[in-house]
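Everything below belongs to entry32.cif, which stores mmCIF, N, CA, C and O atoms.
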data_work
loop_
_atom_site.label_atom_id
_atom_site.label_comp_id
_atom_site.auth_asym_id
_atom_site.auth_seq_id
_atom_site.Cartn_x
_atom_site.Cartn_y
_atom_site.Cartn_z
N MET A 48 -113.77 188.65 -12.07
CA MET A 48 -113.86 187.54 -13.01
C MET A 48 -112.86 186.49 -12.58
O MET A 48 -111.83 186.80 -12.00
N LYS A 49 -113.20 185.25 -12.90
CA LYS A 49 -112.31 184.14 -12.55
C LYS A 49 -112.44 183.04 -13.61
O LYS A 49 -113.56 182.70 -14.01
N ILE A 50 -111.30 182.52 -14.06
CA ILE A 50 -111.30 181.40 -15.00
C ILE A 50 -111.90 180.19 -14.29
O ILE A 50 -111.58 179.91 -13.13
N LYS A 51 -112.78 179.49 -14.97
CA LYS A 51 -113.40 178.30 -14.39
C LYS A 51 -112.37 177.20 -14.18
O LYS A 51 -111.39 177.10 -14.92
N LYS A 52 -112.61 176.38 -13.18
CA LYS A 52 -111.76 175.21 -12.97
C LYS A 52 -112.01 174.24 -14.12
O LYS A 52 -113.07 174.24 -14.73
N GLY A 53 -111.02 173.41 -14.41
CA GLY A 53 -111.21 172.42 -15.45
C GLY A 53 -110.33 172.65 -16.66
O GLY A 53 -110.60 172.09 -17.72
N PHE A 54 -109.29 173.45 -16.50
CA PHE A 54 -108.32 173.66 -17.58
C PHE A 54 -106.92 173.47 -17.03
O PHE A 54 -106.64 173.82 -15.88
N VAL A 55 -106.05 172.92 -17.85
CA VAL A 55 -104.63 172.92 -17.55
C VAL A 55 -103.94 173.66 -18.69
O VAL A 55 -104.39 173.62 -19.83
N VAL A 56 -102.87 174.35 -18.37
CA VAL A 56 -102.10 175.08 -19.37
C VAL A 56 -100.74 174.42 -19.47
O VAL A 56 -100.07 174.18 -18.47
N ARG A 57 -100.36 174.12 -20.70
CA ARG A 57 -99.07 173.48 -20.97
C ARG A 57 -98.42 174.16 -22.16
O ARG A 57 -99.09 174.72 -23.01
N GLU A 58 -97.10 174.06 -22.20
CA GLU A 58 -96.38 174.52 -23.38
C GLU A 58 -96.19 173.31 -24.29
O GLU A 58 -95.66 172.29 -23.88
N VAL A 59 -96.66 173.44 -25.51
CA VAL A 59 -96.58 172.35 -26.49
C VAL A 59 -95.96 172.93 -27.76
O VAL A 59 -96.54 173.83 -28.38
N GLY A 60 -94.81 172.44 -28.13
CA GLY A 60 -94.16 172.91 -29.34
C GLY A 60 -93.91 174.41 -29.35
O GLY A 60 -94.04 175.05 -30.38
N GLY A 61 -93.58 174.96 -28.18
CA GLY A 61 -93.33 176.38 -28.08
C GLY A 61 -94.57 177.25 -27.98
O GLY A 61 -94.48 178.47 -27.95
N GLU A 62 -95.75 176.64 -27.94
CA GLU A 62 -97.02 177.37 -27.83
C GLU A 62 -97.65 177.10 -26.47
O GLU A 62 -97.56 175.99 -25.95
N ASN A 63 -98.29 178.11 -25.90
CA ASN A 63 -99.03 177.96 -24.65
C ASN A 63 -100.45 177.53 -24.99
O ASN A 63 -101.15 178.23 -25.72
N ILE A 64 -100.84 176.38 -24.45
CA ILE A 64 -102.14 175.80 -24.78
C ILE A 64 -102.91 175.51 -23.49
O ILE A 64 -102.40 174.88 -22.58
N ALA A 65 -104.17 175.97 -23.44
CA ALA A 65 -105.08 175.61 -22.35
C ALA A 65 -105.97 174.48 -22.86
O ALA A 65 -106.57 174.58 -23.93
N VAL A 66 -106.02 173.41 -22.08
CA VAL A 66 -106.76 172.22 -22.48
C VAL A 66 -107.80 171.91 -21.40
O VAL A 66 -107.47 171.90 -20.21
N PRO A 67 -109.04 171.66 -21.80
CA PRO A 67 -110.05 171.32 -20.80
C PRO A 67 -109.83 169.89 -20.27
O PRO A 67 -109.38 169.01 -21.00
N ILE A 68 -110.15 169.71 -18.99
CA ILE A 68 -110.07 168.40 -18.36
C ILE A 68 -111.34 168.15 -17.57
O ILE A 68 -112.11 169.07 -17.29
N GLY A 69 -111.56 166.92 -17.21
CA GLY A 69 -112.71 166.57 -16.39
C GLY A 69 -114.03 166.99 -17.01
O GLY A 69 -114.26 166.81 -18.21
N GLU A 70 -114.90 167.55 -16.19
CA GLU A 70 -116.22 167.97 -16.64
C GLU A 70 -116.15 169.03 -17.74
O GLU A 70 -117.00 169.07 -18.62
N MET A 71 -115.15 169.91 -17.67
CA MET A 71 -115.03 170.96 -18.67
C MET A 71 -114.78 170.35 -20.06
O MET A 71 -115.23 170.91 -21.07
N ALA A 72 -114.12 169.21 -20.11
CA ALA A 72 -113.85 168.56 -21.40
C ALA A 72 -115.14 168.07 -22.06
O ALA A 72 -115.19 167.91 -23.28
N LYS A 73 -116.18 167.87 -21.27
CA LYS A 73 -117.48 167.48 -21.82
C LYS A 73 -118.18 168.67 -22.47
O LYS A 73 -118.99 168.50 -23.37
N GLU A 74 -117.86 169.88 -22.00
CA GLU A 74 -118.49 171.10 -22.52
C GLU A 74 -117.73 171.70 -23.68
O GLU A 74 -118.33 172.30 -24.58
N PHE A 75 -116.40 171.60 -23.65
CA PHE A 75 -115.57 172.25 -24.67
C PHE A 75 -114.62 171.21 -25.26
O PHE A 75 -113.83 170.61 -24.54
N HIS A 76 -114.71 171.01 -26.54
CA HIS A 76 -113.89 170.02 -27.23
C HIS A 76 -112.86 170.72 -28.08
O HIS A 76 -113.05 170.93 -29.28
N GLY A 77 -111.78 171.11 -27.48
CA GLY A 77 -110.74 171.80 -28.22
C GLY A 77 -109.64 172.26 -27.30
O GLY A 77 -109.55 171.86 -26.14
N MET A 78 -108.79 173.11 -27.84
CA MET A 78 -107.69 173.69 -27.09
C MET A 78 -107.70 175.20 -27.34
O MET A 78 -108.21 175.66 -28.35
N ILE A 79 -107.12 175.94 -26.42
CA ILE A 79 -107.07 177.39 -26.53
C ILE A 79 -105.60 177.79 -26.60
O ILE A 79 -104.84 177.53 -25.67
N LYS A 80 -105.22 178.40 -27.70
CA LYS A 80 -103.85 178.87 -27.87
C LYS A 80 -103.73 180.25 -27.23
O LYS A 80 -104.55 181.14 -27.50
N LEU A 81 -102.75 180.41 -26.36
CA LEU A 81 -102.57 181.66 -25.62
C LEU A 81 -101.23 182.30 -25.96
O LEU A 81 -100.18 181.66 -25.78
N ASN A 82 -101.26 183.55 -26.45
CA ASN A 82 -99.98 184.25 -26.61
C ASN A 82 -99.49 184.64 -25.21
O ASN A 82 -100.16 184.37 -24.20
N ASP A 83 -98.34 185.28 -25.13
CA ASP A 83 -97.75 185.56 -23.82
C ASP A 83 -98.63 186.44 -22.93
O ASP A 83 -98.79 186.17 -21.74
N SER A 84 -99.24 187.48 -23.51
CA SER A 84 -100.08 188.35 -22.68
C SER A 84 -101.38 187.64 -22.28
O SER A 84 -101.87 187.83 -21.17
N ALA A 85 -101.92 186.82 -23.16
CA ALA A 85 -103.13 186.05 -22.82
C ALA A 85 -102.81 185.04 -21.73
O ALA A 85 -103.62 184.82 -20.82
N LEU A 86 -101.63 184.43 -21.79
CA LEU A 86 -101.22 183.49 -20.74
C LEU A 86 -101.10 184.22 -19.41
O LEU A 86 -101.55 183.73 -18.37
N PHE A 87 -100.51 185.42 -19.45
CA PHE A 87 -100.39 186.22 -18.24
C PHE A 87 -101.78 186.49 -17.64
O PHE A 87 -102.00 186.29 -16.45
N LEU A 88 -102.73 186.92 -18.49
CA LEU A 88 -104.07 187.21 -18.00
C LEU A 88 -104.79 185.95 -17.55
O LEU A 88 -105.53 185.96 -16.56
N TRP A 89 -104.61 184.84 -18.27
CA TRP A 89 -105.23 183.57 -17.87
C TRP A 89 -104.78 183.21 -16.46
O TRP A 89 -105.61 182.89 -15.60
N ASN A 90 -103.48 183.29 -16.20
CA ASN A 90 -102.96 182.97 -14.87
C ASN A 90 -103.41 184.00 -13.84
O ASN A 90 -103.73 183.65 -12.70
N PHE A 91 -103.47 185.26 -14.23
CA PHE A 91 -103.92 186.33 -13.34
C PHE A 91 -105.35 186.09 -12.88
O PHE A 91 -105.69 186.27 -11.72
N PHE A 92 -106.19 185.65 -13.81
CA PHE A 92 -107.61 185.44 -13.50
C PHE A 92 -107.89 184.04 -12.94
O PHE A 92 -109.04 183.63 -12.84
N ASN A 93 -106.85 183.30 -12.55
CA ASN A 93 -107.09 182.05 -11.82
C ASN A 93 -107.65 182.36 -10.44
O ASN A 93 -108.27 181.51 -9.81
N ASP A 94 -107.41 183.58 -9.98
CA ASP A 94 -108.04 184.09 -8.76
C ASP A 94 -109.08 185.10 -9.19
O ASP A 94 -109.00 185.67 -10.28
N ASP A 95 -110.06 185.33 -8.34
CA ASP A 95 -111.12 186.29 -8.67
C ASP A 95 -110.54 187.70 -8.63
O ASP A 95 -110.12 188.18 -7.58
N ARG A 96 -110.47 188.33 -9.80
CA ARG A 96 -109.86 189.64 -9.93
C ARG A 96 -110.77 190.55 -10.74
O ARG A 96 -111.61 190.10 -11.51
N THR A 97 -110.54 191.86 -10.62
CA THR A 97 -111.33 192.83 -11.37
C THR A 97 -110.62 193.22 -12.66
O THR A 97 -109.42 193.02 -12.82
N ARG A 98 -111.39 193.83 -13.53
CA ARG A 98 -110.85 194.35 -14.79
C ARG A 98 -109.77 195.39 -14.51
O ARG A 98 -108.70 195.38 -15.13
N ASP A 99 -110.03 196.29 -13.57
CA ASP A 99 -109.06 197.34 -13.25
C ASP A 99 -107.77 196.76 -12.70
O ASP A 99 -106.67 197.26 -13.01
N GLU A 100 -107.86 195.74 -11.88
CA GLU A 100 -106.65 195.08 -11.37
C GLU A 100 -105.86 194.47 -12.52
O GLU A 100 -104.62 194.53 -12.55
N ALA A 101 -106.56 193.88 -13.47
CA ALA A 101 -105.90 193.26 -14.62
C ALA A 101 -105.22 194.31 -15.49
O ALA A 101 -104.10 194.09 -15.98
N VAL A 102 -105.87 195.43 -15.70
CA VAL A 102 -105.27 196.51 -16.50
C VAL A 102 -103.97 196.97 -15.84
O VAL A 102 -102.93 197.09 -16.51
N ALA A 103 -103.99 197.20 -14.54
CA ALA A 103 -102.79 197.64 -13.83
C ALA A 103 -101.69 196.59 -13.89
O ALA A 103 -100.52 196.91 -14.12
N ALA A 104 -102.06 195.33 -13.71
CA ALA A 104 -101.06 194.25 -13.75
C ALA A 104 -100.45 194.11 -15.14
O ALA A 104 -99.23 193.93 -15.27
N LEU A 105 -101.26 194.22 -16.17
CA LEU A 105 -100.76 194.09 -17.54
C LEU A 105 -99.83 195.26 -17.88
O LEU A 105 -98.78 195.06 -18.51
N MET A 106 -100.18 196.45 -17.42
CA MET A 106 -99.31 197.61 -17.65
C MET A 106 -97.97 197.42 -16.97
O MET A 106 -96.92 197.75 -17.54
N GLY A 107 -97.98 196.87 -15.77
CA GLY A 107 -96.74 196.64 -15.04
C GLY A 107 -95.89 195.54 -15.65
O GLY A 107 -94.66 195.62 -15.67
N GLU A 108 -96.53 194.54 -16.18
CA GLU A 108 -95.80 193.39 -16.75
C GLU A 108 -95.19 193.72 -18.11
O GLU A 108 -94.09 193.27 -18.42
N TYR A 109 -95.91 194.48 -18.92
CA TYR A 109 -95.48 194.70 -20.30
C TYR A 109 -95.11 196.14 -20.64
O TYR A 109 -94.79 196.43 -21.78
N GLU A 110 -95.14 197.05 -19.67
CA GLU A 110 -94.78 198.44 -19.92
C GLU A 110 -95.51 199.00 -21.15
O GLU A 110 -94.89 199.50 -22.09
N ILE A 111 -96.82 198.87 -21.13
CA ILE A 111 -97.67 199.37 -22.21
C ILE A 111 -98.53 200.50 -21.65
O ILE A 111 -98.62 200.68 -20.43
N THR A 112 -99.18 201.23 -22.54
CA THR A 112 -100.03 202.32 -22.10
C THR A 112 -101.32 201.78 -21.48
O THR A 112 -101.70 200.62 -21.72
N GLU A 113 -102.00 202.64 -20.76
CA GLU A 113 -103.28 202.24 -20.17
C GLU A 113 -104.28 201.89 -21.27
O GLU A 113 -105.03 200.92 -21.14
N GLU A 114 -104.27 202.65 -22.34
CA GLU A 114 -105.19 202.39 -23.46
C GLU A 114 -104.94 201.00 -24.06
O GLU A 114 -105.89 200.25 -24.32
N GLU A 115 -103.68 200.65 -24.26
CA GLU A 115 -103.35 199.33 -24.79
C GLU A 115 -103.75 198.22 -23.83
O GLU A 115 -104.27 197.18 -24.23
N ALA A 116 -103.51 198.46 -22.54
CA ALA A 116 -103.86 197.47 -21.52
C ALA A 116 -105.37 197.26 -21.45
O ALA A 116 -105.85 196.13 -21.38
N ILE A 117 -106.13 198.34 -21.49
CA ILE A 117 -107.59 198.25 -21.45
C ILE A 117 -108.09 197.45 -22.65
O ILE A 117 -108.94 196.56 -22.50
N LYS A 118 -107.57 197.77 -23.82
CA LYS A 118 -107.98 197.05 -25.03
C LYS A 118 -107.67 195.56 -24.91
O LYS A 118 -108.51 194.71 -25.23
N GLY A 119 -106.48 195.23 -24.44
CA GLY A 119 -106.10 193.83 -24.29
C GLY A 119 -106.93 193.09 -23.26
O GLY A 119 -107.39 191.97 -23.49
N VAL A 120 -107.14 193.71 -22.12
CA VAL A 120 -107.92 193.09 -21.04
C VAL A 120 -109.37 192.91 -21.48
O VAL A 120 -109.97 191.84 -21.30
N ASP A 121 -109.96 193.94 -22.08
CA ASP A 121 -111.35 193.84 -22.53
C ASP A 121 -111.52 192.75 -23.57
O ASP A 121 -112.50 191.99 -23.54
N SER A 122 -110.57 192.65 -24.48
CA SER A 122 -110.62 191.60 -25.51
C SER A 122 -110.53 190.22 -24.88
O SER A 122 -111.29 189.31 -25.23
N PHE A 123 -109.62 190.06 -23.92
CA PHE A 123 -109.46 188.78 -23.24
C PHE A 123 -110.72 188.41 -22.46
O PHE A 123 -111.21 187.28 -22.55
N ILE A 124 -111.26 189.37 -21.71
CA ILE A 124 -112.46 189.11 -20.92
C ILE A 124 -113.62 188.71 -21.82
O ILE A 124 -114.36 187.77 -21.53
N LYS A 125 -113.78 189.40 -22.93
CA LYS A 125 -114.86 189.06 -23.87
C LYS A 125 -114.68 187.65 -24.40
O LYS A 125 -115.63 186.87 -24.45
N LEU A 126 -113.48 187.30 -24.78
CA LEU A 126 -113.21 185.97 -25.32
C LEU A 126 -113.54 184.87 -24.32
O LEU A 126 -114.26 183.92 -24.65
N VAL A 127 -113.05 185.00 -23.09
CA VAL A 127 -113.26 183.92 -22.13
C VAL A 127 -114.69 183.86 -21.60
O VAL A 127 -115.20 182.78 -21.33
N THR A 128 -115.35 185.01 -21.47
CA THR A 128 -116.73 184.97 -20.99
C THR A 128 -117.70 184.54 -22.09
O THR A 128 -118.63 183.78 -21.83
N ASP A 129 -117.48 185.01 -23.32
CA ASP A 129 -118.34 184.60 -24.44
C ASP A 129 -118.29 183.10 -24.67
O ASP A 129 -119.26 182.50 -25.11
N ASN A 130 -117.15 182.49 -24.38
CA ASN A 130 -116.97 181.06 -24.61
C ASN A 130 -117.23 180.22 -23.35
O ASN A 130 -117.07 179.00 -23.38
N GLY A 131 -117.61 180.87 -22.26
CA GLY A 131 -117.95 180.14 -21.04
C GLY A 131 -116.77 179.61 -20.27
O GLY A 131 -116.89 178.68 -19.49
N PHE A 132 -115.58 180.22 -20.48
CA PHE A 132 -114.38 179.77 -19.78
C PHE A 132 -114.20 180.47 -18.44
O PHE A 132 -113.32 180.10 -17.69
N ALA A 133 -115.01 181.49 -18.18
CA ALA A 133 -114.86 182.27 -16.95
C ALA A 133 -116.21 182.70 -16.43
O ALA A 133 -117.18 182.78 -17.17
N ASP A 134 -116.22 182.98 -15.14
CA ASP A 134 -117.41 183.54 -14.49
C ASP A 134 -117.10 184.99 -14.15
O ASP A 134 -116.02 185.31 -13.69
N ARG A 135 -118.08 185.85 -14.39
CA ARG A 135 -117.89 187.27 -14.03
C ARG A 135 -118.21 187.51 -12.60
O ARG A 135 -118.93 186.91 -11.95
#

Please lay out the structure from this file as structure tokens.
Amino acid sequence: MKIKKGFVVREVGGENIAVPIGEMAKEFHGMIKLNDSALFLWNFFNDDRTRDEAVAALMGEYEITEEEAIKGVDSFIKLVTDNGFADR
């Protein structure tokens, strides 16, 4: 999976926000608020990566269980693919 081009991520008022730019701004009119783990995964998936790679990376970054990492990664993948922010 890979996050589509056309987003910039900025910190605004202490919050991590992904904002569409260019052509993506024509498709999505809004902003995406990212907590720390979502920001980590957003940046991780800027390159084409697998679910299993993301689970391992999230476990290493946050010292969480595999079950917690799977749940977090699956939730993130569902969110970004359901909304058209990523390609599988």

Task: atom O of Ile64 (chain A) to CA of Asn130 (chain A), straight-line distance in Å - done: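 These two atoms are separated by 16.0 Å.
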
Task: Spatial neighbours of region 81-87 of chain A, max dist 8 Å, only N, CA, C and O atoms, sep filter under 4 positions, as an NGL selection string - done: :A and (57 or 61-65 or 91-93 or 105 or 119-120 or 123)

Task: Selected residue of minimal separation from Met48 (chain A) among A:Ala116, A:Val102, A:Leu126, A:Ala133, counting only N, CA, C and O atoms - done: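 Residue with the minimum atom-to-atom distance to Met48 (chain A): A:Ala133.
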
Open item on the list: Taking only C-alpha atoms into account, name the residue in A:Val59, A:Asp134, A:Lys51, A:Tyr109 that is nearest to Thr97 (chain A).
Closed with: A:Asp134

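From CA of Pro67 (chain A) back to CA of Asn90 (chain A), the distance works out to 14.9 Å.
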